[in-house]
$ cat protein24.cif   # mmCIF, C-alpha atoms and all ligand atoms
data_upload
loop_
_atom_site.label_atom_id
_atom_site.label_comp_id
_atom_site.auth_asym_id
_atom_site.auth_seq_id
_atom_site.Cartn_x
_atom_site.Cartn_y
_atom_site.Cartn_z
CA MET V 1 21.32 -4.33 39.70
CA ASN V 2 17.58 -4.58 39.42
CA ASP V 3 15.82 -1.34 40.30
CA ILE V 4 12.46 -2.31 38.92
CA PRO V 5 10.86 -3.50 42.21
CA THR V 6 11.89 -0.23 43.87
CA ILE V 7 10.56 1.82 40.97
CA VAL V 8 7.29 -0.14 40.98
CA GLU V 9 6.92 0.55 44.71
CA LYS V 10 7.32 4.26 44.10
CA ILE V 11 4.96 4.37 41.16
CA THR V 12 2.37 2.42 43.11
CA GLU V 13 2.57 5.04 45.86
CA LEU V 14 2.10 7.78 43.26
CA VAL V 15 -0.91 6.06 41.71
CA LYS V 16 -2.48 5.59 45.13
CA THR V 17 -1.97 9.24 46.00
CA ARG V 18 -3.55 10.35 42.74
CA LEU V 19 -6.51 8.03 43.25
CA ASN V 20 -7.08 9.36 46.76
CA ASP V 21 -6.82 12.93 45.53
CA SER V 22 -9.40 12.46 42.81
CA GLU V 23 -13.03 12.99 43.71
CA LYS V 24 -14.04 9.80 41.93
CA SER V 25 -14.61 6.54 43.73
CA VAL V 26 -11.87 4.01 43.09
CA THR V 27 -12.72 1.38 40.50
CA MET V 28 -10.63 -0.83 38.25
CA THR V 29 -11.23 1.66 35.45
CA GLU V 30 -9.85 4.48 37.58
CA ILE V 31 -6.80 2.41 38.50
CA GLU V 32 -6.08 1.63 34.86
CA ARG V 33 -6.61 5.18 33.67
CA THR V 34 -4.58 6.77 36.41
CA THR V 35 -1.73 4.31 35.90
CA ARG V 36 -1.69 4.84 32.17
CA GLU V 37 -1.66 8.60 32.52
CA LEU V 38 1.19 8.45 34.98
CA LEU V 39 3.23 5.99 32.92
CA LEU V 40 2.82 8.12 29.82
CA GLU V 41 4.07 11.15 31.69
CA LEU V 42 6.99 9.15 33.09
CA GLY V 43 7.72 7.84 29.60
CA ARG V 44 7.69 11.36 28.20
CA GLN V 45 10.23 12.49 30.76
CA VAL V 46 12.40 9.41 30.26
CA VAL V 47 12.47 9.89 26.49
CA GLU V 48 13.25 13.57 26.98
CA LYS V 49 16.10 12.91 29.40
CA THR V 50 17.51 10.06 27.32
CA THR V 51 17.46 12.18 24.17
CA GLN V 52 19.04 15.07 26.03
CA ALA V 53 21.71 12.75 27.42
CA MET V 54 22.78 11.96 23.86
CA ALA V 55 23.70 15.59 23.37
CA GLN V 56 27.25 16.58 24.26
CA LYS V 57 27.39 18.69 27.40
CA TYR V 58 30.46 20.49 26.18
CA PRO V 59 30.17 20.68 22.40
CA GLU V 60 33.21 20.53 20.16
CA GLU V 61 34.45 23.81 18.74
CA THR V 62 33.72 22.68 15.20
CA SER V 63 31.65 20.13 13.32
CA ASP V 64 31.92 18.82 9.74
CA CYS V 65 29.64 20.68 7.35
CA GLU V 66 28.03 18.89 4.39
CA CYS V 67 30.03 21.12 2.05
CA GLY V 68 33.26 19.58 3.33
CA GLN V 69 34.36 22.59 5.40
CA LYS V 70 34.27 23.05 9.17
CA ALA V 71 31.27 24.65 10.85
CA THR V 72 31.75 26.66 14.05
CA TYR V 73 29.83 26.08 17.26
CA ILE V 74 27.43 28.97 17.86
CA ARG V 75 25.22 28.09 20.82
CA GLN V 76 22.68 25.66 22.30
CA ARG V 77 19.23 25.84 20.77
CA LYS V 78 15.95 24.38 21.98
CA THR V 79 13.47 22.50 19.85
CA GLN V 80 10.18 20.78 20.45
CA LEU V 81 9.70 17.16 19.43
CA ARG V 82 6.41 15.30 19.08
CA THR V 83 6.79 11.69 20.15
CA LEU V 84 4.72 8.65 21.09
CA PHE V 85 4.79 10.00 24.64
CA GLY V 86 3.79 13.54 23.79
CA LYS V 87 5.68 16.78 23.32
CA LEU V 88 9.16 17.21 24.69
CA THR V 89 11.90 19.78 24.50
CA VAL V 90 15.54 19.12 23.75
CA LYS V 91 18.53 21.44 23.70
CA ARG V 92 21.31 20.75 21.23
CA ALA V 93 24.36 22.40 19.75
CA TYR V 94 24.00 24.58 16.69
CA TYR V 95 26.85 25.03 14.21
CA LEU V 96 27.25 27.51 11.39
CA CYS V 97 29.55 26.96 8.44
CA ASP V 98 31.97 29.85 7.78
CA ASP V 99 32.19 28.83 4.18
CA CYS V 100 28.68 28.05 2.89
CA HIS V 101 26.81 29.74 5.79
CA THR V 102 24.58 26.72 6.30
CA GLY V 103 23.62 25.87 9.86
CA HIS V 104 23.28 22.36 11.23
CA TYR V 105 22.58 20.36 14.38
CA PRO V 106 24.77 17.24 14.64
CA LEU V 107 22.40 15.66 17.17
CA ASP V 108 19.43 15.95 14.79
CA GLN V 109 21.38 14.04 12.18
CA GLN V 110 22.72 11.50 14.64
CA LEU V 111 19.36 10.60 16.19
CA GLY V 112 17.07 11.41 13.28
CA LEU V 113 15.30 14.14 15.23
CA ARG V 114 12.58 16.02 13.41
CA PRO V 115 12.27 19.47 14.99
CA ASN V 116 8.67 20.69 15.36
CA ALA V 117 7.37 17.63 13.54
CA LEU V 118 6.16 14.15 14.41
CA SER V 119 8.93 11.71 15.26
CA ALA V 120 9.43 8.96 12.68
CA GLU V 121 7.84 6.38 14.96
CA LEU V 122 4.83 8.57 15.70
CA ALA V 123 4.46 9.37 11.99
CA ARG V 124 4.47 5.66 11.22
CA LEU V 125 1.60 5.01 13.65
CA VAL V 126 -0.36 8.06 12.56
CA GLY V 127 0.12 7.10 8.91
CA LEU V 128 -0.92 3.54 9.66
CA THR V 129 -4.17 4.92 11.05
CA GLY V 130 -4.60 7.27 8.10
CA VAL V 131 -4.42 4.51 5.50
CA HIS V 132 -7.11 2.54 7.29
CA ILE V 133 -9.87 4.87 8.36
CA PRO V 134 -11.17 8.38 7.72
CA TYR V 135 -9.12 11.07 9.43
CA GLY V 136 -11.85 12.18 11.83
CA LYS V 137 -12.30 8.66 13.16
CA GLY V 138 -8.55 8.15 13.16
CA SER V 139 -7.99 11.20 15.29
CA GLU V 140 -10.56 9.93 17.81
CA LEU V 141 -9.11 6.42 17.88
CA LEU V 142 -5.52 7.56 18.38
CA GLN V 143 -6.67 9.61 21.33
CA GLU V 144 -8.65 6.75 22.86
CA LEU V 145 -6.23 3.93 22.18
CA ALA V 146 -2.88 5.58 22.60
CA GLN V 147 -3.57 8.97 24.21
CA ILE V 148 -2.02 10.54 21.15
CA SER V 149 -3.51 13.91 20.20
CA VAL V 150 -3.32 14.48 16.47
CA SER V 151 -5.60 16.82 14.58
CA GLN V 152 -7.40 15.71 11.42
CA PRO V 153 -5.24 17.93 9.18
CA CYS V 154 -2.11 16.50 10.80
CA LEU V 155 -3.37 12.97 10.15
CA ALA V 156 -4.09 13.86 6.54
CA LYS V 157 -0.69 15.48 6.10
CA THR V 158 1.21 12.59 7.66
CA THR V 159 -0.62 9.98 5.60
CA GLY V 160 0.07 12.06 2.51
CA GLN V 161 3.75 12.27 3.41
CA ILE V 162 3.98 8.50 3.54
CA GLY V 163 2.40 8.39 0.10
CA GLU V 164 5.05 10.88 -1.02
CA VAL V 165 7.82 8.63 0.27
CA VAL V 166 6.39 5.80 -1.83
CA GLN V 167 6.02 8.17 -4.79
CA GLU V 168 9.65 9.29 -4.60
CA ARG V 169 10.80 5.72 -4.34
CA GLU V 170 8.78 4.82 -7.42
CA GLU V 171 10.14 7.78 -9.37
CA LYS V 172 13.68 6.59 -8.68
CA LEU V 173 12.73 3.09 -9.78
CA GLN V 174 11.21 4.50 -12.96
CA GLN V 175 14.44 6.34 -13.77
CA LYS V 176 16.55 3.31 -13.05
CA ALA V 177 14.37 1.00 -15.13
CA LEU V 178 15.26 3.07 -18.20
CA GLU V 179 19.04 2.70 -17.87
CA SER V 180 20.19 0.11 -20.35
CA ASN V 181 23.47 -0.49 -18.47
CA TYR V 182 21.59 -1.31 -15.33
CA LEU V 183 19.22 -3.64 -17.15
CA ALA V 184 22.06 -5.43 -18.90
CA LYS V 185 23.95 -5.93 -15.63
CA ARG V 186 20.90 -7.50 -14.02
CA GLN V 187 20.66 -10.01 -16.85
CA ARG V 188 24.02 -11.42 -15.82
CA GLU V 189 23.82 -11.21 -12.05
CA SER V 190 20.30 -11.53 -10.76
CA ARG V 191 18.75 -14.68 -9.52
CA LYS V 192 15.82 -15.16 -11.81
CA PRO V 193 12.32 -16.07 -10.63
CA LEU V 194 10.94 -19.25 -12.14
CA ARG V 195 7.30 -18.32 -12.34
CA LEU V 196 5.96 -14.91 -11.50
CA TYR V 197 2.46 -13.50 -11.79
CA GLY V 198 1.33 -10.00 -12.54
CA ALA V 199 -2.22 -8.75 -12.21
CA ILE V 200 -3.60 -5.44 -13.36
CA ASP V 201 -6.98 -3.94 -12.61
CA ALA V 202 -8.78 -0.66 -12.02
CA THR V 203 -11.49 0.63 -9.76
CA LYS V 204 -13.41 3.91 -9.76
CA VAL V 205 -12.80 6.50 -7.08
CA GLN V 206 -14.53 9.81 -6.66
CA VAL V 207 -12.30 12.86 -6.50
CA ARG V 208 -12.88 16.58 -6.07
CA GLN V 209 -11.56 18.74 -8.84
CA VAL V 210 -12.19 22.47 -9.00
CA GLY V 211 -15.31 22.08 -6.91
CA GLU V 212 -16.62 19.21 -9.01
CA HIS V 213 -16.88 15.56 -8.11
CA LEU V 214 -15.45 13.29 -10.76
CA TRP V 215 -15.01 9.56 -11.06
CA ARG V 216 -11.45 8.63 -11.91
CA ASP V 217 -9.82 5.27 -12.58
CA LEU V 218 -7.57 4.13 -9.78
CA LYS V 219 -5.24 1.73 -11.55
CA LEU V 220 -3.74 -1.09 -9.54
CA GLY V 221 -1.14 -3.70 -10.11
CA ALA V 222 0.43 -6.57 -8.22
CA TRP V 223 3.37 -8.88 -8.68
CA PHE V 224 3.26 -12.14 -6.80
CA GLU V 225 4.21 -15.76 -6.63
CA ALA V 226 1.45 -18.30 -6.20
CA GLY V 227 1.22 -21.69 -4.64
CA GLY V 228 -1.95 -23.73 -4.27
CA LYS V 229 -4.00 -25.35 -6.99
CA PRO V 230 -7.01 -24.32 -9.01
CA PRO V 231 -10.01 -26.68 -8.56
CA LYS V 232 -10.73 -29.68 -10.78
CA THR V 233 -14.14 -28.39 -11.85
CA PRO V 234 -15.40 -24.87 -12.64
CA ASP V 235 -17.38 -24.68 -9.40
CA GLY V 236 -14.78 -26.26 -7.15
CA ASN V 237 -12.95 -24.54 -4.33
CA TRP V 238 -10.15 -22.12 -5.06
CA THR V 239 -7.13 -22.24 -2.85
CA ILE V 240 -4.66 -19.68 -4.05
CA ALA V 241 -1.76 -18.87 -1.83
CA ALA V 242 -0.21 -15.70 -3.17
CA GLU V 243 3.17 -14.91 -1.70
CA ASN V 244 5.60 -12.01 -1.80
CA ILE V 245 2.90 -9.72 -3.06
CA HIS V 246 3.99 -6.30 -4.21
CA TYR V 247 1.19 -3.82 -4.90
CA TYR V 248 1.37 -0.49 -6.67
CA ALA V 249 -1.30 2.05 -7.55
CA ASP V 250 -1.83 5.33 -9.33
CA ILE V 251 -4.46 7.60 -10.79
CA ALA V 252 -2.87 8.21 -14.15
CA ALA V 253 -3.30 7.78 -17.87
CA ALA V 254 -2.46 4.32 -19.17
CA ALA V 255 0.81 5.57 -20.71
CA ASP V 256 2.06 6.94 -17.39
CA PHE V 257 0.89 3.89 -15.50
CA SER V 258 2.75 1.76 -18.02
CA SER V 259 6.02 3.29 -16.86
CA LEU V 260 5.20 2.34 -13.26
CA VAL V 261 4.29 -1.19 -14.34
CA TRP V 262 7.66 -1.51 -16.03
CA ALA V 263 9.59 -0.02 -13.10
CA THR V 264 7.98 -2.34 -10.56
CA ALA V 265 8.42 -5.24 -12.98
CA VAL V 266 12.15 -4.55 -13.08
CA GLU V 267 12.28 -4.26 -9.31
CA GLN V 268 10.49 -7.58 -8.86
CA LYS V 269 12.61 -9.13 -11.65
CA ALA V 270 9.47 -9.91 -13.61
CA ASP V 271 11.35 -9.22 -16.84
CA LEU V 272 13.88 -11.90 -15.89
CA ALA V 273 11.34 -14.53 -14.89
CA ALA V 274 11.46 -17.82 -16.76
CA GLU V 275 7.67 -17.66 -16.93
CA LEU V 276 5.70 -14.45 -16.55
CA ILE V 277 1.94 -14.71 -16.38
CA ILE V 278 -0.31 -11.67 -16.57
CA LEU V 279 -3.89 -11.78 -15.36
CA GLY V 280 -6.38 -9.08 -16.21
CA ASP V 281 -9.97 -8.40 -17.11
CA GLY V 282 -11.16 -7.34 -20.56
CA ALA V 283 -9.99 -3.71 -20.38
CA GLU V 284 -8.18 -2.78 -23.56
CA TRP V 285 -5.59 -0.55 -21.89
CA ILE V 286 -4.35 -3.47 -19.80
CA TRP V 287 -3.53 -5.68 -22.75
CA ASN V 288 -2.08 -2.83 -24.80
CA LEU V 289 0.19 -2.08 -21.89
CA VAL V 290 1.25 -5.72 -21.54
CA GLN V 291 1.90 -5.94 -25.26
CA GLU V 292 4.05 -2.83 -25.08
CA ASN V 293 6.12 -3.83 -22.03
CA SER V 294 6.57 -7.54 -22.45
CA PRO V 295 4.94 -9.13 -25.47
CA HIS V 296 6.21 -12.61 -24.59
CA THR V 297 4.23 -13.00 -21.41
CA ILE V 298 1.55 -15.57 -20.93
CA GLN V 299 -1.70 -13.61 -20.97
CA ILE V 300 -4.72 -14.92 -19.10
CA LEU V 301 -8.16 -13.39 -18.99
CA ASP V 302 -9.21 -13.57 -15.38
CA TRP V 303 -11.53 -16.55 -14.97
CA PHE V 304 -13.92 -14.75 -12.65
CA HIS V 305 -14.33 -11.80 -14.99
CA ALA V 306 -14.97 -14.14 -17.91
CA THR V 307 -17.60 -16.18 -16.05
CA GLU V 308 -19.26 -12.97 -14.91
CA HIS V 309 -19.86 -12.10 -18.56
CA LEU V 310 -21.51 -15.49 -19.08
CA ALA V 311 -23.72 -15.10 -16.03
CA ASP V 312 -24.82 -11.63 -17.13
CA LEU V 313 -25.67 -12.93 -20.58
CA ALA V 314 -27.69 -15.86 -19.19
CA LYS V 315 -29.71 -13.43 -17.07
CA VAL V 316 -30.56 -11.22 -20.03
CA VAL V 317 -31.55 -14.07 -22.33
CA PHE V 318 -33.45 -16.45 -20.02
CA ALA V 319 -36.27 -15.32 -17.78
CA GLN V 320 -36.45 -18.62 -15.89
CA GLU V 321 -33.77 -19.24 -13.33
CA ALA V 322 -33.59 -22.96 -14.07
CA LYS V 323 -32.91 -22.26 -17.75
CA GLN V 324 -30.32 -19.64 -16.85
CA ALA V 325 -28.51 -22.10 -14.62
CA ALA V 326 -28.64 -24.95 -17.13
CA TRP V 327 -27.24 -22.85 -19.97
CA LEU V 328 -24.63 -21.27 -17.73
CA SER V 329 -23.39 -24.62 -16.51
CA THR V 330 -22.90 -25.93 -20.07
CA ALA V 331 -21.23 -22.71 -21.21
CA LYS V 332 -18.93 -22.63 -18.19
CA GLN V 333 -17.85 -26.19 -18.87
CA LEU V 334 -16.89 -25.24 -22.45
CA MET V 335 -14.93 -22.32 -21.13
CA TRP V 336 -13.24 -24.51 -18.53
CA GLU V 337 -12.17 -26.87 -21.30
CA GLY V 338 -10.80 -23.89 -23.19
CA ASP V 339 -13.00 -24.67 -26.19
CA ILE V 340 -13.72 -21.02 -26.88
CA GLU V 341 -14.85 -21.70 -30.45
CA ALA V 342 -17.63 -23.95 -29.12
CA LEU V 343 -18.41 -21.38 -26.44
CA ILE V 344 -18.80 -18.68 -29.09
CA THR V 345 -21.09 -20.96 -31.13
CA ALA V 346 -23.18 -21.61 -28.01
CA CYS V 347 -23.52 -17.86 -27.45
CA GLN V 348 -24.40 -17.19 -31.07
CA ALA V 349 -27.08 -19.92 -30.91
CA LEU V 350 -28.88 -17.76 -28.34
CA GLN V 351 -29.85 -15.41 -31.16
CA ALA V 352 -32.54 -17.97 -32.04
CA VAL V 353 -34.34 -17.24 -28.76
CA SER V 354 -33.37 -13.63 -28.05
CA SER V 355 -32.48 -10.42 -29.84
CA ALA V 356 -30.57 -8.99 -26.87
CA ASP V 357 -27.59 -6.78 -27.74
CA GLU V 358 -25.56 -8.50 -25.03
CA ILE V 359 -25.23 -11.61 -27.22
CA ARG V 360 -23.22 -9.68 -29.79
CA THR V 361 -21.07 -7.83 -27.24
CA THR V 362 -20.31 -11.03 -25.32
CA VAL V 363 -19.38 -12.87 -28.50
CA ASN V 364 -17.08 -10.00 -29.48
CA TYR V 365 -15.50 -10.11 -26.03
CA PHE V 366 -14.75 -13.83 -26.33
CA VAL V 367 -13.47 -13.46 -29.89
CA GLU V 368 -11.16 -10.69 -28.74
CA HIS V 369 -9.76 -12.66 -25.80
CA LYS V 370 -9.93 -16.19 -27.23
CA GLU V 371 -6.23 -16.93 -26.81
CA ARG V 372 -6.29 -15.60 -23.25
CA MET V 373 -9.02 -18.11 -22.39
CA ARG V 374 -7.34 -21.44 -23.13
CA TYR V 375 -8.07 -22.47 -19.57
CA ALA V 376 -7.57 -26.23 -20.08
CA HIS V 377 -4.07 -25.56 -21.36
CA PHE V 378 -3.42 -23.17 -18.46
CA HIS V 379 -4.51 -25.86 -15.98
CA GLN V 380 -2.14 -28.34 -17.54
CA GLN V 381 0.69 -25.90 -17.03
CA GLY V 382 -0.41 -25.39 -13.42
CA TYR V 383 -1.12 -21.68 -13.88
CA GLN V 384 -3.46 -19.71 -11.69
CA ILE V 385 -6.32 -18.39 -13.81
CA GLY V 386 -8.01 -16.06 -11.34
CA SER V 387 -6.53 -12.82 -10.10
CA GLY V 388 -8.16 -13.00 -6.69
CA THR V 389 -5.11 -11.28 -5.25
CA ILE V 390 -5.46 -8.08 -7.17
CA GLU V 391 -9.24 -8.13 -6.95
CA SER V 392 -8.98 -8.06 -3.22
CA ALA V 393 -6.37 -5.30 -3.44
CA ALA V 394 -8.72 -3.24 -5.55
CA LYS V 395 -11.32 -3.71 -2.88
CA GLN V 396 -8.94 -3.02 -0.05
CA ILE V 397 -7.32 0.02 -1.58
CA GLY V 398 -10.20 1.41 -3.53
CA MET V 399 -13.35 0.48 -1.76
CA MET V 400 -12.53 0.22 1.89
CA ARG V 401 -10.54 3.36 2.30
CA MET V 402 -11.45 5.58 -0.63
CA LYS V 403 -15.14 5.01 -1.06
CA VAL V 404 -16.11 5.26 2.57
CA PRO V 405 -18.54 7.99 3.59
CA GLY V 406 -16.73 11.09 4.70
CA ALA V 407 -13.77 10.47 2.43
CA SER V 408 -13.56 13.27 -0.09
CA TRP V 409 -10.32 13.53 -2.00
CA ASN V 410 -8.54 15.74 -4.38
CA THR V 411 -6.63 13.72 -6.95
CA ASP V 412 -3.22 14.42 -5.44
CA MET V 413 -4.26 13.22 -1.99
CA ALA V 414 -6.16 10.22 -3.38
CA VAL V 415 -3.01 9.12 -5.20
CA LYS V 416 -0.87 9.48 -2.10
CA VAL V 417 -3.26 7.57 0.13
CA ALA V 418 -3.61 4.81 -2.47
CA LYS V 419 0.17 4.52 -2.71
CA ALA V 420 0.60 4.49 1.06
CA ARG V 421 -2.08 1.83 1.34
CA ALA V 422 -0.55 -0.27 -1.42
CA ALA V 423 2.77 -0.13 0.44
CA TYR V 424 1.07 -1.18 3.65
CA LEU V 425 -0.63 -4.16 2.00
CA SER V 426 2.68 -5.20 0.46
CA ASP V 427 4.41 -5.42 3.82
CA ARG V 428 6.77 -2.69 2.70
CA TRP V 429 5.54 -0.53 5.52
CA ARG V 430 8.35 -1.09 7.99
CA SER V 431 11.03 -0.71 5.37
CA LEU V 432 9.82 2.69 4.17
CA PRO V 433 12.45 5.32 4.96
CA LEU V 434 10.14 7.46 7.07
CA ALA V 435 12.86 9.23 9.01
CA ALA V 436 14.56 10.46 5.86
ZN ZN V 501 29.47 24.47 4.65
#
$ encode --input "protein24.cif" --output "structure tokens"
Amino acid sequence: MNDIPTIVEKITELVKTRLNDSEKSVTMTEIERTTRELLLELGRQVVEKTTQAMAQKYPEETSDCECGQKATYIRQRKTQLRTLFGKLTVKRAYYLCDDCHTGHYPLDQQLGLRPNALSAELARLVGLTGVHIPYGKGSELLQELAQISVSQPCLAKTTGQIGEVVQEREEKLQQKALESNYLAKRQRESRKPLRLYGAIDATKVQVRQVGEHLWRDLKLGAWFEAGGKPPKTPDGNWTIAAENIHYYADIAAAADFSSLVWATAVEQKADLAAELIILGDGAEWIWNLVQENSPHTIQILDWFHATEHLADLAKVVFAQEAKQAAWLSTAKQLMWEGDIEALITACQALQAVSSADEIRTTVNYFVEHKERMRYAHFHQQGYQIGSGTIESAAKQIGMMRMKVPGASWNTDMAVKVAKARAAYLSDRWRSLPLAA
């Protein structure tokens, strides 16, 4: 039985009537708008009726209560639901437990209804908007694109709730990652990754705190596998294909972040990997944290960060661009070859032509990270030496969403949005238990 042609006929009649009734002259725009409006209203009624049809007309006398006892049927109760198609009302049976005096609605549990709140699907779309653009713009766009009316505070709240879901998930992981039984069991059973990368970075975000605006470190991490090859020369093309990327983020002290690093490491089986490679910039907290969690990892100072230091130094020491470029090219080549001792000597030699402080600080930086800069050796092993993946995450999480004009955060909200956004970028979005 195919009713669709008949239904289309009827809807077409309805659209035509509405167009004739409106004062406006008929244009394509009017046809589209009128049809959309009508279809949304039809959809709303269909969803309402379908949901209602799932409810039992003649409810059972009793229903199982969570406490294990029987709850008694009291009466039908109405609730309002907010869905993709707008607001609708559903009536469903209400039961009260004689024993623990808790009330419940079996239909709510069965269908995952959320009385007086956004449906899980609507929350997912609203949250998706909230992690991308400022709430004011988001509210406008949802209205324009999907005819969904959501206030700015509702957008903020929903986005925050998604961050909370991620937060709760992470807290569970953090607990689990401390259980020695669990860790031991994984050693025996898990399939172990051959080569896994971790990258850690931070970016500054501005937050409101007791009326003040403060810059806080948004710490970010990623676990990923990487295909592709680094170039043959320092200025060659980089083709890094990061796969199965898992991002995480927090605004927290290094010690607290360390616990999240460990928990996500356990989840991604980083601790079981045959080879674990950590990429980071020169920040001390990163390497302390790596040392603390997994001292046997291969540590690599991000190539781009290291070359940035060289470029900055060249600029300070040489006024002429040609001289800057010539020195930089030689120095980069030494770095590429992993001859950090020669690189340090080359930097120290600059003291003959300049008294800039940067010479000393750059030398110290290279001395400190010497073993993390054996790039020739890393090439031989086929390791990636640039953490482009996490750099772009820092930009995507930190810059694009959290540094945009109009975004003003308290720390709590900033953390939640960062976590929601990290989940989105990791493709974990659809698997988040939003209806829970
Ligand atoms: Zn009970």
$ residues_near_ligand --input "protein24.cif" --ligand "ligand ZN 501 (chain V)" --cutoff "7 Å" --atoms "only C-alpha atoms and all ligand atoms" --output "ChimeraX atom specification"
/V:65-71,97-102
$ closest_residue --input "protein24.cif" --among "V:Ser355, V:Thr264, V:Ser258, V:Thr83" --to "V:Trp223" --atoms "all atoms listed in the file"
V:Thr264
$ closest_residue --input "protein24.cif" --among "V:Asp256, V:Glu164, V:Glu358, V:Asp64" --to "V:Met413" --atoms "all atoms listed in the file"
V:Glu164
$ axis_aligned_box --input "protein24.cif" --around "stretch 309-322 of chain V" --padding-each-side "3 Å" --output "JSON"
{"center_x": -28.2, "center_y": -17.1, "center_z": -17.8, "size_x": 22.6, "size_y": 17.7, "size_z": 15.0}
$ closest_residue --input "protein24.cif" --among "V:Ser329, V:Leu118, V:Thr233, V:Ile251" --to "V:Asp217" --atoms "all atoms listed in the file"
V:Ile251
